[in-house]
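Structure file my_file36.csv with CSV, C-alpha atoms and all ligand atoms:
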```csv
chain,number,residue,atom,x,y,z
A,1,MET,CA,-23.8,1.7,13.8
A,2,GLY,CA,-20.9,1.0,11.3
A,3,LEU,CA,-18.0,-1.3,12.0
A,4,LEU,CA,-15.5,1.5,11.5
A,5,ASP,CA,-17.5,4.4,13.0
A,6,GLY,CA,-15.0,7.0,14.4
A,7,LYS,CA,-12.0,5.4,12.6
A,8,LYS,CA,-9.7,7.4,10.3
A,9,ALA,CA,-8.1,5.7,7.3
A,10,LEU,CA,-5.3,7.0,5.1
A,11,ILE,CA,-5.2,5.3,1.7
A,12,PHE,CA,-2.2,5.5,-0.7
A,13,GLY,CA,-2.7,4.3,-4.3
A,14,VAL,CA,-5.9,5.6,-5.8
A,15,ALA,CA,-5.4,6.3,-9.5
A,16,ASN,CA,-9.0,6.2,-10.7
A,17,ASP,CA,-12.3,4.5,-9.9
A,18,HIS,CA,-11.0,1.1,-11.2
A,19,SER,CA,-8.2,1.1,-8.6
A,20,ILE,CA,-8.2,-1.6,-5.9
A,21,ALA,CA,-7.4,1.3,-3.5
A,22,TRP,CA,-10.8,2.8,-4.5
A,23,GLY,CA,-12.6,-0.5,-3.9
A,24,ILE,CA,-11.1,-0.5,-0.4
A,25,ALA,CA,-11.9,3.2,0.2
A,26,GLU,CA,-15.5,2.7,-0.6
A,27,ALA,CA,-15.8,-0.3,1.7
A,28,LEU,CA,-14.2,1.5,4.6
A,29,HIS,CA,-16.3,4.6,3.9
A,30,VAL,CA,-19.6,2.6,3.9
A,31,ALA,CA,-18.5,1.1,7.2
A,32,GLY,CA,-18.3,4.5,8.8
A,33,ALA,CA,-14.6,5.4,8.5
A,34,THR,CA,-13.3,8.9,7.6
A,35,VAL,CA,-11.1,8.3,4.6
A,36,GLY,CA,-8.2,10.4,3.3
A,37,PHE,CA,-6.1,9.9,0.2
A,38,SER,CA,-2.5,10.3,-1.1
A,39,SER,CA,-1.5,9.7,-4.7
A,40,VAL,CA,1.1,10.9,-7.2
A,41,GLU,CA,0.8,14.6,-8.0
A,42,SER,CA,-0.2,14.2,-11.6
A,43,LEU,CA,-3.4,12.3,-10.6
A,44,ILE,CA,-4.6,14.5,-7.8
A,45,GLU,CA,-6.7,17.2,-9.4
A,46,ARG,CA,-8.1,15.3,-12.4
A,47,ARG,CA,-8.8,11.9,-10.8
A,48,VAL,CA,-8.4,11.7,-7.0
A,49,ARG,CA,-10.0,14.9,-5.7
A,50,PRO,CA,-13.3,14.3,-7.5
A,51,LEU,CA,-13.5,10.7,-6.3
A,52,ALA,CA,-12.6,11.8,-2.7
A,53,ALA,CA,-15.3,14.5,-2.9
A,54,SER,CA,-17.9,11.8,-3.9
A,55,ILE,CA,-17.5,10.3,-0.5
A,56,GLY,CA,-17.2,13.6,1.3
A,57,SER,CA,-13.4,13.4,1.8
A,58,THR,CA,-11.3,16.6,1.6
A,59,PHE,CA,-7.9,15.1,2.6
A,60,VAL,CA,-6.1,14.6,-0.7
A,61,GLU,CA,-2.3,15.0,-0.7
A,62,PRO,CA,0.3,14.4,-3.3
A,63,CYS,CA,3.2,12.0,-2.6
A,64,ASP,CA,5.8,10.1,-4.5
A,65,VAL,CA,6.6,7.2,-2.1
A,66,GLN,CA,10.2,7.3,-3.3
A,67,SER,CA,10.7,10.4,-1.2
A,68,ASP,CA,10.9,10.1,2.6
A,69,GLU,CA,10.4,13.9,2.8
A,70,GLN,CA,7.1,13.8,0.9
A,71,ILE,CA,5.9,10.9,3.0
A,72,ARG,CA,6.8,12.8,6.2
A,73,GLY,CA,4.9,15.8,4.7
A,74,VAL,CA,1.7,13.8,4.2
A,75,MET,CA,1.9,12.3,7.7
A,76,ALA,CA,2.4,15.8,9.2
A,77,LYS,CA,-0.7,17.1,7.4
A,78,TRP,CA,-2.7,14.0,8.4
A,79,GLN,CA,-1.7,14.5,12.1
A,80,ALA,CA,-2.8,18.2,11.9
A,81,ALA,CA,-6.1,17.2,10.3
A,82,HIS,CA,-7.0,13.9,12.1
A,83,GLY,CA,-4.5,13.2,14.9
A,84,GLN,CA,-4.0,9.5,14.6
A,85,VAL,CA,-3.9,6.8,11.9
A,86,ASP,CA,-6.3,4.0,12.7
A,87,ILE,CA,-6.0,2.4,9.2
A,88,LEU,CA,-3.1,2.7,6.7
A,89,VAL,CA,-3.6,1.3,3.3
A,90,HIS,CA,-0.7,0.8,0.9
A,91,ALA,CA,-2.1,-0.2,-2.6
A,92,LEU,CA,0.6,0.9,-5.0
A,93,ALA,CA,3.4,-0.6,-7.1
A,94,PHE,CA,5.5,0.2,-10.1
A,95,ALA,CA,8.0,-1.4,-12.5
A,96,ARG,CA,9.2,-0.3,-15.9
A,97,ARG,CA,7.1,-1.7,-18.8
A,98,GLU,CA,10.1,-3.3,-20.4
A,99,ASP,CA,10.7,-5.3,-17.1
A,100,LEU,CA,7.2,-6.7,-17.3
A,101,ASP,CA,7.8,-8.3,-20.6
A,102,GLY,CA,10.5,-10.6,-22.1
A,103,SER,CA,12.8,-12.7,-19.9
A,104,PHE,CA,13.3,-12.0,-16.1
A,105,VAL,CA,17.0,-12.7,-16.6
A,106,ASP,CA,17.3,-9.5,-18.6
A,107,THR,CA,16.0,-7.3,-15.8
A,108,SER,CA,18.4,-4.3,-15.4
A,109,ARG,CA,20.0,-3.3,-12.1
A,110,ASP,CA,18.1,0.0,-12.3
A,111,GLY,CA,14.8,-1.6,-13.1
A,112,PHE,CA,15.2,-4.1,-10.3
A,113,ALA,CA,16.0,-1.3,-7.7
A,114,LEU,CA,13.1,0.9,-8.9
A,115,ALA,CA,10.5,-1.9,-8.7
A,116,MET,CA,11.8,-2.9,-5.2
A,117,ASP,CA,11.9,0.7,-4.0
A,118,VAL,CA,8.4,1.7,-5.1
A,119,SER,CA,6.6,-1.7,-4.6
A,120,ALA,CA,8.2,-3.1,-1.5
A,121,TYR,CA,10.4,-0.6,0.4
A,122,SER,CA,7.7,2.1,0.3
A,123,LEU,CA,5.6,0.0,2.8
A,124,VAL,CA,8.5,0.1,5.3
A,125,ALA,CA,8.9,3.9,4.7
A,126,LEU,CA,5.2,4.6,5.1
A,127,VAL,CA,4.9,2.5,8.3
A,128,ARG,CA,8.0,4.1,9.8
A,129,GLU,CA,6.8,7.7,9.1
A,130,ALA,CA,3.3,6.8,10.3
A,131,ARG,CA,4.5,5.1,13.5
A,132,PRO,CA,4.1,8.0,15.9
A,133,LEU,CA,0.4,8.2,14.7
A,134,LEU,CA,-0.3,4.4,15.0
A,135,HIS,CA,-1.6,3.1,18.3
A,136,PRO,CA,-2.9,-0.1,19.8
A,137,GLY,CA,-5.7,-1.3,17.4
A,138,SER,CA,-4.3,0.4,14.3
A,139,ALA,CA,-4.2,-1.8,11.2
A,140,VAL,CA,-1.9,-1.6,8.2
A,141,LEU,CA,-2.8,-3.3,4.9
A,142,THR,CA,-0.9,-3.8,1.6
A,143,LEU,CA,-1.7,-5.5,-1.7
A,144,SER,CA,0.2,-8.5,-3.2
A,145,TYR,CA,-0.2,-11.0,-6.0
A,146,TYR,CA,0.3,-14.7,-6.5
A,147,GLY,CA,3.4,-14.0,-8.6
A,148,ALA,CA,5.2,-13.5,-5.3
A,149,GLU,CA,5.0,-17.2,-4.7
A,150,LYS,CA,5.0,-18.9,-8.1
A,151,VAL,CA,6.3,-17.9,-11.5
A,152,VAL,CA,3.6,-16.0,-13.4
A,153,ALA,CA,4.6,-15.3,-17.1
A,154,HIS,CA,5.7,-11.7,-17.6
A,155,TYR,CA,5.2,-10.7,-14.0
A,156,ASN,CA,9.0,-11.0,-13.6
A,157,VAL,CA,10.6,-8.3,-11.4
A,158,MET,CA,7.2,-7.5,-9.8
A,159,GLY,CA,7.0,-11.1,-8.6
A,160,VAL,CA,10.3,-10.6,-6.8
A,161,ALA,CA,9.2,-7.2,-5.4
A,162,LYS,CA,5.9,-8.8,-4.2
A,163,ALA,CA,7.9,-11.6,-2.5
A,164,ALA,CA,9.9,-8.9,-0.7
A,165,LEU,CA,6.7,-7.0,0.2
A,166,GLU,CA,5.2,-10.1,1.8
A,167,ALA,CA,8.4,-10.7,3.8
A,168,CYS,CA,8.2,-7.0,4.8
A,169,VAL,CA,4.6,-7.6,6.1
A,170,ARG,CA,5.9,-10.4,8.4
A,171,TYR,CA,8.9,-8.4,9.7
A,172,LEU,CA,6.7,-5.3,10.3
A,173,ALA,CA,4.1,-7.4,12.0
A,174,ALA,CA,6.8,-8.6,14.4
A,175,ASP,CA,8.1,-5.1,15.0
A,176,LEU,CA,4.8,-3.4,15.6
A,177,GLY,CA,2.8,-6.3,17.2
A,178,PRO,CA,4.1,-5.5,20.7
A,179,SER,CA,2.6,-2.0,20.2
A,180,GLY,CA,-0.8,-3.5,19.3
A,181,VAL,CA,-0.5,-2.6,15.6
A,182,ARG,CA,-1.4,-5.3,13.0
A,183,VAL,CA,0.1,-5.5,9.5
A,184,ASN,CA,-1.4,-7.8,6.8
A,185,ALA,CA,-1.5,-8.2,3.0
A,186,ILE,CA,-4.3,-9.2,0.6
A,187,SER,CA,-3.1,-11.2,-2.4
A,188,ALA,CA,-5.7,-10.4,-5.0
A,189,GLY,CA,-6.6,-12.2,-8.2
A,190,PRO,CA,-6.2,-10.2,-11.4
A,191,VAL,CA,-8.3,-7.0,-11.7
A,192,ARG,CA,-8.4,-4.7,-14.7
A,193,THR,CA,-6.6,-1.6,-13.5
A,194,LEU,CA,-4.1,1.0,-14.9
A,195,ALA,CA,-1.2,-0.9,-13.3
A,196,ALA,CA,-2.4,-4.2,-14.7
A,197,ALA,CA,-2.5,-2.8,-18.2
A,198,GLY,CA,1.3,-2.4,-18.0
A,199,ILE,CA,1.8,-6.2,-17.7
A,200,ALA,CA,2.3,-8.0,-21.0
A,201,GLY,CA,-0.2,-10.9,-21.4
A,202,PHE,CA,-2.5,-9.6,-18.6
A,203,LYS,CA,-5.5,-9.9,-20.9
A,204,LYS,CA,-4.9,-13.7,-21.3
A,205,LEU,CA,-4.2,-14.2,-17.7
A,206,TYR,CA,-7.4,-12.3,-16.8
A,207,GLY,CA,-9.4,-14.1,-19.4
A,208,SER,CA,-8.5,-17.7,-18.3
A,209,PHE,CA,-8.6,-17.0,-14.6
A,210,ALA,CA,-12.3,-17.9,-14.1
A,211,ASP,CA,-11.7,-21.3,-15.8
A,212,VAL,CA,-9.3,-22.3,-13.1
A,213,ALA,CA,-10.5,-20.5,-10.0
A,214,PRO,CA,-12.8,-22.8,-7.9
A,215,LEU,CA,-15.4,-20.1,-7.6
A,216,ARG,CA,-15.4,-19.8,-11.5
A,217,ALA,CA,-15.4,-16.0,-11.5
A,218,ASN,CA,-13.0,-13.1,-11.8
A,219,ILE,CA,-12.7,-10.9,-8.7
A,220,THR,CA,-13.6,-7.3,-8.3
A,221,PRO,CA,-12.2,-4.3,-6.3
A,222,GLU,CA,-15.4,-4.7,-4.2
A,223,ASP,CA,-14.4,-8.3,-3.3
A,224,VAL,CA,-11.0,-6.9,-2.1
A,225,GLY,CA,-12.8,-4.1,-0.3
A,226,ARG,CA,-14.9,-6.5,1.8
A,227,THR,CA,-11.8,-8.5,2.9
A,228,ALA,CA,-10.0,-5.2,3.6
A,229,LEU,CA,-12.8,-4.2,5.8
A,230,TRP,CA,-12.3,-7.4,7.8
A,231,LEU,CA,-8.5,-6.9,8.0
A,232,CYS,CA,-8.8,-3.2,9.0
A,233,SER,CA,-11.5,-3.8,11.6
A,234,ASP,CA,-11.5,-5.4,15.0
A,235,LEU,CA,-13.1,-8.5,13.5
A,236,SER,CA,-9.5,-9.6,12.7
A,237,SER,CA,-8.1,-8.5,16.0
A,238,ALA,CA,-5.8,-11.5,16.4
A,239,VAL,CA,-4.6,-11.6,12.7
A,240,THR,CA,-1.3,-10.1,11.8
A,241,GLY,CA,1.7,-10.9,9.5
A,242,GLU,CA,-0.7,-12.8,7.1
A,243,VAL,CA,-1.2,-12.8,3.4
A,244,VAL,CA,-4.9,-13.4,2.7
A,245,TYR,CA,-5.9,-14.6,-0.7
A,246,VAL,CA,-8.9,-12.9,-2.4
A,247,ASP,CA,-8.7,-14.9,-5.6
A,248,GLY,CA,-11.7,-17.2,-5.7
A,249,GLY,CA,-9.4,-20.0,-4.6
A,250,PHE,CA,-7.1,-19.8,-7.6
A,251,ASN,CA,-4.0,-20.3,-5.5
A,252,VAL,CA,-5.1,-23.8,-4.2
A,253,MET,CA,-5.3,-25.3,-7.6
A,254,GLY,CA,-2.4,-27.5,-8.8
A,255,VAL,CA,-3.7,-29.4,-11.9
A,256,PRO,CA,-7.1,-28.0,-12.9
A,257,LEU,CA,-9.7,-30.7,-13.6
A,258,GLY,CA,-11.2,-28.9,-16.6
A,259,ASP,CA,-14.8,-29.4,-17.5
A,260,ALA,CA,-14.5,-33.0,-18.8
A,301,LIG,P1,-3.7,1.2,-10.1
A,301,LIG,O1,-3.0,1.6,-11.3
A,301,LIG,O2,-5.1,1.7,-9.9
A,301,LIG,O3,-2.9,1.7,-8.8
A,301,LIG,C1,-1.5,1.7,-8.7
A,301,LIG,C2,-1.1,3.0,-7.9
A,301,LIG,O4,0.3,3.0,-7.7
A,301,LIG,C3,-1.5,4.2,-8.8
A,301,LIG,O5,-2.3,5.1,-8.0
A,301,LIG,C4,-0.1,4.9,-8.9
A,301,LIG,O6,-0.1,6.3,-9.0
A,301,LIG,C5,0.6,4.4,-7.7
A,301,LIG,N1,2.1,4.6,-7.7
A,301,LIG,C6,3.0,4.1,-8.7
A,301,LIG,N2,4.2,4.6,-8.4
A,301,LIG,C7,4.1,5.4,-7.3
A,301,LIG,C8,5.0,6.3,-6.6
A,301,LIG,N3,6.3,6.4,-6.9
A,301,LIG,N4,4.5,7.0,-5.5
A,301,LIG,C9,3.2,6.9,-5.2
A,301,LIG,N5,2.3,6.1,-5.8
A,301,LIG,C10,2.7,5.4,-6.9
A,301,LIG,O7,-3.6,-0.4,-10.0
A,301,LIG,P2,-4.0,-1.5,-8.9
A,301,LIG,O8,-4.1,-2.7,-9.7
A,301,LIG,O9,-5.2,-1.0,-8.2
A,301,LIG,O10,-2.8,-1.6,-8.0
A,301,LIG,C11,-2.9,-1.4,-6.5
A,301,LIG,C12,-2.1,-2.5,-5.9
A,301,LIG,O11,-2.7,-3.8,-6.1
A,301,LIG,C13,-0.6,-2.7,-6.4
A,301,LIG,O12,0.2,-3.0,-5.3
A,301,LIG,C14,-0.8,-3.9,-7.3
A,301,LIG,O13,0.4,-4.6,-7.5
A,301,LIG,C15,-1.7,-4.7,-6.5
A,301,LIG,N6,-2.4,-5.8,-7.2
A,301,LIG,C16,-3.0,-5.6,-8.4
A,301,LIG,C17,-3.7,-6.7,-9.0
A,301,LIG,C18,-4.4,-6.5,-10.3
A,301,LIG,O14,-4.6,-7.4,-11.0
A,301,LIG,N7,-4.7,-5.3,-10.7
A,301,LIG,C19,-3.6,-8.0,-8.4
A,301,LIG,C20,-3.0,-8.1,-7.2
A,301,LIG,C21,-2.4,-7.1,-6.6
```

Can you give me the file's structure in the form of structure tokens?
Amino acid sequence: MGLLDGKKALIFGVANDHSIAWGIAEALHVAGATVGFSSVESLIERRVRPLAASIGSTFVEPCDVQSDEQIRGVMAKWQAAHGQVDILVHALAFARREDLDGSFVDTSRDGFALAMDVSAYSLVALVREARPLLHPGSAVLTLSYYGAEKVVAHYNVMGVAKAALEACVRYLAADLGPSGVRVNAISAGPVRTLAAAGIAGFKKLYGSFADVAPLRANITPEDVGRTALWLCSDLSSAVTGEVVYVDGGFNVMGVPLGDA
């Protein structure tokens, strides 16, 4: 008997098999959940549909999360196919490449609005449109990063968007809690993905991570998947509005001791 037998999970943000969303999808699938996917249209046929098929999933719908209409379309199709949403995963973000390099002070008004819209507001929009399908026991999960809390070189506008996203998690948790719906975030350590490749200096950040993290290792999408399984299952039934770190303890370090 799987932890998620009979549960239905809708996952936004798979780009390829390196995506954190894919690590989460595999963990939920192995635990018994029926999993469906939504991603940007250009990725659907080449990347997402074959991955979905590999775990027996046929629900694959395109959606640009900047469009309320497209989000509504996905929810309507999900309702027709599966009825309710037991688990909703938001694992996506975007900022212009030029805003993830150079000085934060140079962020353009447009670039700021775009990063906020795709990376933070989209969680609110997804939850709002999914709300009629959410029910007591449903769980919503999003992905954040340490740059929300402390300055991380080059993360710039995305750090501000992640700070907004984490605040959205708390406000959504307060709104939906009385209906028995939980909303949480995982703040993951650096993982080599398509999105990460857009951040200047990511290689350096990734390379030095294990020297500082107490567990002395980089983290993987599978690590994130296991914590996602906990946050999306009844094992975390009294946990909501939280940001849970999956970072080998990196965030607790102030002054690293080094290996003296
Ligand atoms: P990824 O490139 O695999 O996934 C990012 C996804 O965002 C892609 O599927 C992309 O299509 C989607 N996306 C971008 N704009 C969109 C739009 N307008 N509409 C719909 N989808 C859109 O990268 P990832 O690293 O797996 O990112 C998943 C999440 O994890 C993001 O929120 C990211 O910030 C977060 N995160 C990543 C890391 C890391 O180091 N990779 C660390 C912590 C948190």

| request: Tell me, as a PyMOL selection string, which residues lie within 9 Å of Gly36 (chain A), counting only C-alpha atoms; anything in the same chain fewer than 6 positions away does not count. | output: chain A and resi 8-12+25+52+57-61+78

Write out as a PyMOL selection string the residues lying within 9 Å of region 80-92 of chain A, counting all atoms listed in the file and excluding same-chain residues fewer than 6 positions away. chain A and resi 7-14+19-21+24+59+118-119+122-123+126-127+130-144+195+232-233

Could you write out that same residue set with C-alpha atoms as a PDB file, in the coordinates of the input?
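Final file, part.pdb:
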```pdb
ATOM      1  CA  LYS A   7     -12.000   5.400  12.600  1.00  0.00           C
ATOM      2  CA  LYS A   8      -9.700   7.400  10.300  1.00  0.00           C
ATOM      3  CA  ALA A   9      -8.100   5.700   7.300  1.00  0.00           C
ATOM      4  CA  LEU A  10      -5.300   7.000   5.100  1.00  0.00           C
ATOM      5  CA  ILE A  11      -5.200   5.300   1.700  1.00  0.00           C
ATOM      6  CA  PHE A  12      -2.200   5.500  -0.700  1.00  0.00           C
ATOM      7  CA  GLY A  13      -2.700   4.300  -4.300  1.00  0.00           C
ATOM      8  CA  VAL A  14      -5.900   5.600  -5.800  1.00  0.00           C
ATOM      9  CA  SER A  19      -8.200   1.100  -8.600  1.00  0.00           C
ATOM     10  CA  ILE A  20      -8.200  -1.600  -5.900  1.00  0.00           C
ATOM     11  CA  ALA A  21      -7.400   1.300  -3.500  1.00  0.00           C
ATOM     12  CA  ILE A  24     -11.100  -0.500  -0.400  1.00  0.00           C
ATOM     13  CA  PHE A  59      -7.900  15.100   2.600  1.00  0.00           C
ATOM     14  CA  VAL A 118       8.400   1.700  -5.100  1.00  0.00           C
ATOM     15  CA  SER A 119       6.600  -1.700  -4.600  1.00  0.00           C
ATOM     16  CA  SER A 122       7.700   2.100   0.300  1.00  0.00           C
ATOM     17  CA  LEU A 123       5.600   0.000   2.800  1.00  0.00           C
ATOM     18  CA  LEU A 126       5.200   4.600   5.100  1.00  0.00           C
ATOM     19  CA  VAL A 127       4.900   2.500   8.300  1.00  0.00           C
ATOM     20  CA  ALA A 130       3.300   6.800  10.300  1.00  0.00           C
ATOM     21  CA  ARG A 131       4.500   5.100  13.500  1.00  0.00           C
ATOM     22  CA  PRO A 132       4.100   8.000  15.900  1.00  0.00           C
ATOM     23  CA  LEU A 133       0.400   8.200  14.700  1.00  0.00           C
ATOM     24  CA  LEU A 134      -0.300   4.400  15.000  1.00  0.00           C
ATOM     25  CA  HIS A 135      -1.600   3.100  18.300  1.00  0.00           C
ATOM     26  CA  PRO A 136      -2.900  -0.100  19.800  1.00  0.00           C
ATOM     27  CA  GLY A 137      -5.700  -1.300  17.400  1.00  0.00           C
ATOM     28  CA  SER A 138      -4.300   0.400  14.300  1.00  0.00           C
ATOM     29  CA  ALA A 139      -4.200  -1.800  11.200  1.00  0.00           C
ATOM     30  CA  VAL A 140      -1.900  -1.600   8.200  1.00  0.00           C
ATOM     31  CA  LEU A 141      -2.800  -3.300   4.900  1.00  0.00           C
ATOM     32  CA  THR A 142      -0.900  -3.800   1.600  1.00  0.00           C
ATOM     33  CA  LEU A 143      -1.700  -5.500  -1.700  1.00  0.00           C
ATOM     34  CA  SER A 144       0.200  -8.500  -3.200  1.00  0.00           C
ATOM     35  CA  ALA A 195      -1.200  -0.900 -13.300  1.00  0.00           C
ATOM     36  CA  CYS A 232      -8.800  -3.200   9.000  1.00  0.00           C
ATOM     37  CA  SER A 233     -11.500  -3.800  11.600  1.00  0.00           C
TER      38      SER A 233
END
```

Closest of A:Tyr245, A:Tyr146, A:Tyr171, A:Phe209 to Leu231 (chain A), counting all atoms listed in the file, is A:Tyr245

**Of the listed residues A:Arg97, A:His29, A:His18, A:Arg109, that which approaches ligand LIG 301 (chain A) most closely, counting only C-alpha atoms and all ligand atoms** =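 Going through A:Arg97, A:His29, A:His18, A:Arg109 one by one, the smallest distance to ligand LIG 301 (chain A) is for A:His18.
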
Could you list, as a list in words, every residue within 10 Å of Gly241 (chain A), counting only C-alpha atoms and ignoring same-chain residues fewer than 3 positions away?
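My reading of the contact set: Leu141, Glu166, Ala167, Cys168, Val169, Arg170, Tyr171, Leu172, Ala173, Ala174, Gly177, Arg182, Val183, Asn184, Ala185 and Val244 of chain A.
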
Dump C-alpha atoms for the selected residues as a compact mmCIF listing (two decimals), in the coordinates of the input?
```
# COMPACT_ATOMS: atom_id res chain seq x y z
CA LEU A 141 -2.80 -3.30 4.90
CA GLU A 166 5.20 -10.10 1.80
CA ALA A 167 8.40 -10.70 3.80
CA CYS A 168 8.20 -7.00 4.80
CA VAL A 169 4.60 -7.60 6.10
CA ARG A 170 5.90 -10.40 8.40
CA TYR A 171 8.90 -8.40 9.70
CA LEU A 172 6.70 -5.30 10.30
CA ALA A 173 4.10 -7.40 12.00
CA ALA A 174 6.80 -8.60 14.40
CA GLY A 177 2.80 -6.30 17.20
CA ARG A 182 -1.40 -5.30 13.00
CA VAL A 183 0.10 -5.50 9.50
CA ASN A 184 -1.40 -7.80 6.80
CA ALA A 185 -1.50 -8.20 3.00
CA VAL A 244 -4.90 -13.40 2.70
```

So which residues are close to (10.2, -7.5, -18.8), meaning at most 12 Å away in the file's coordinates with only C-alpha atoms counted, and can you show them as a compact mmCIF listing (two decimals) with C-alpha atoms, in the frame of the given file?
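Once everything was written out, this is selection18.txt:
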```txt
# COMPACT_ATOMS: atom_id res chain seq x y z
CA ALA A 95 8.00 -1.40 -12.50
CA ARG A 96 9.20 -0.30 -15.90
CA ARG A 97 7.10 -1.70 -18.80
CA GLU A 98 10.10 -3.30 -20.40
CA ASP A 99 10.70 -5.30 -17.10
CA LEU A 100 7.20 -6.70 -17.30
CA ASP A 101 7.80 -8.30 -20.60
CA GLY A 102 10.50 -10.60 -22.10
CA SER A 103 12.80 -12.70 -19.90
CA PHE A 104 13.30 -12.00 -16.10
CA VAL A 105 17.00 -12.70 -16.60
CA ASP A 106 17.30 -9.50 -18.60
CA THR A 107 16.00 -7.30 -15.80
CA SER A 108 18.40 -4.30 -15.40
CA GLY A 111 14.80 -1.60 -13.10
CA PHE A 112 15.20 -4.10 -10.30
CA ALA A 115 10.50 -1.90 -8.70
CA ALA A 153 4.60 -15.30 -17.10
CA HIS A 154 5.70 -11.70 -17.60
CA TYR A 155 5.20 -10.70 -14.00
CA ASN A 156 9.00 -11.00 -13.60
CA VAL A 157 10.60 -8.30 -11.40
CA MET A 158 7.20 -7.50 -9.80
CA GLY A 159 7.00 -11.10 -8.60
CA GLY A 198 1.30 -2.40 -18.00
CA ILE A 199 1.80 -6.20 -17.70
CA ALA A 200 2.30 -8.00 -21.00
CA GLY A 201 -0.20 -10.90 -21.40
```

Can you measure CA of Ala238 (chain A) to CA of Arg226 (chain A) for me? One decimal in Å is fine.
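Result for CA of Ala238 (chain A) versus CA of Arg226 (chain A): 17.9 Å, one decimal.
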
From the list A:Ser208, A:Ser39, A:Asn251, A:Thr34, the nearest residue to ligand LIG 301 (chain A) using only C-alpha atoms and all ligand atoms is A:Ser39

What separates CA of Pro221 (chain A) and CA of Cys63 (chain A) is a distance of 22.7 Å

Using only C-alpha atoms and all ligand atoms, the shortest atom-to-atom distance to ligand LIG 301 (chain A) among A:Val224, A:Ala76, A:Val124, A:Ile55 belongs to A:Val224

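Atom pair CA of Asp64 (chain A) / atom C5 of ligand LIG 301 (chain A) has a distance of 8.4 Å (rounded to one decimal).
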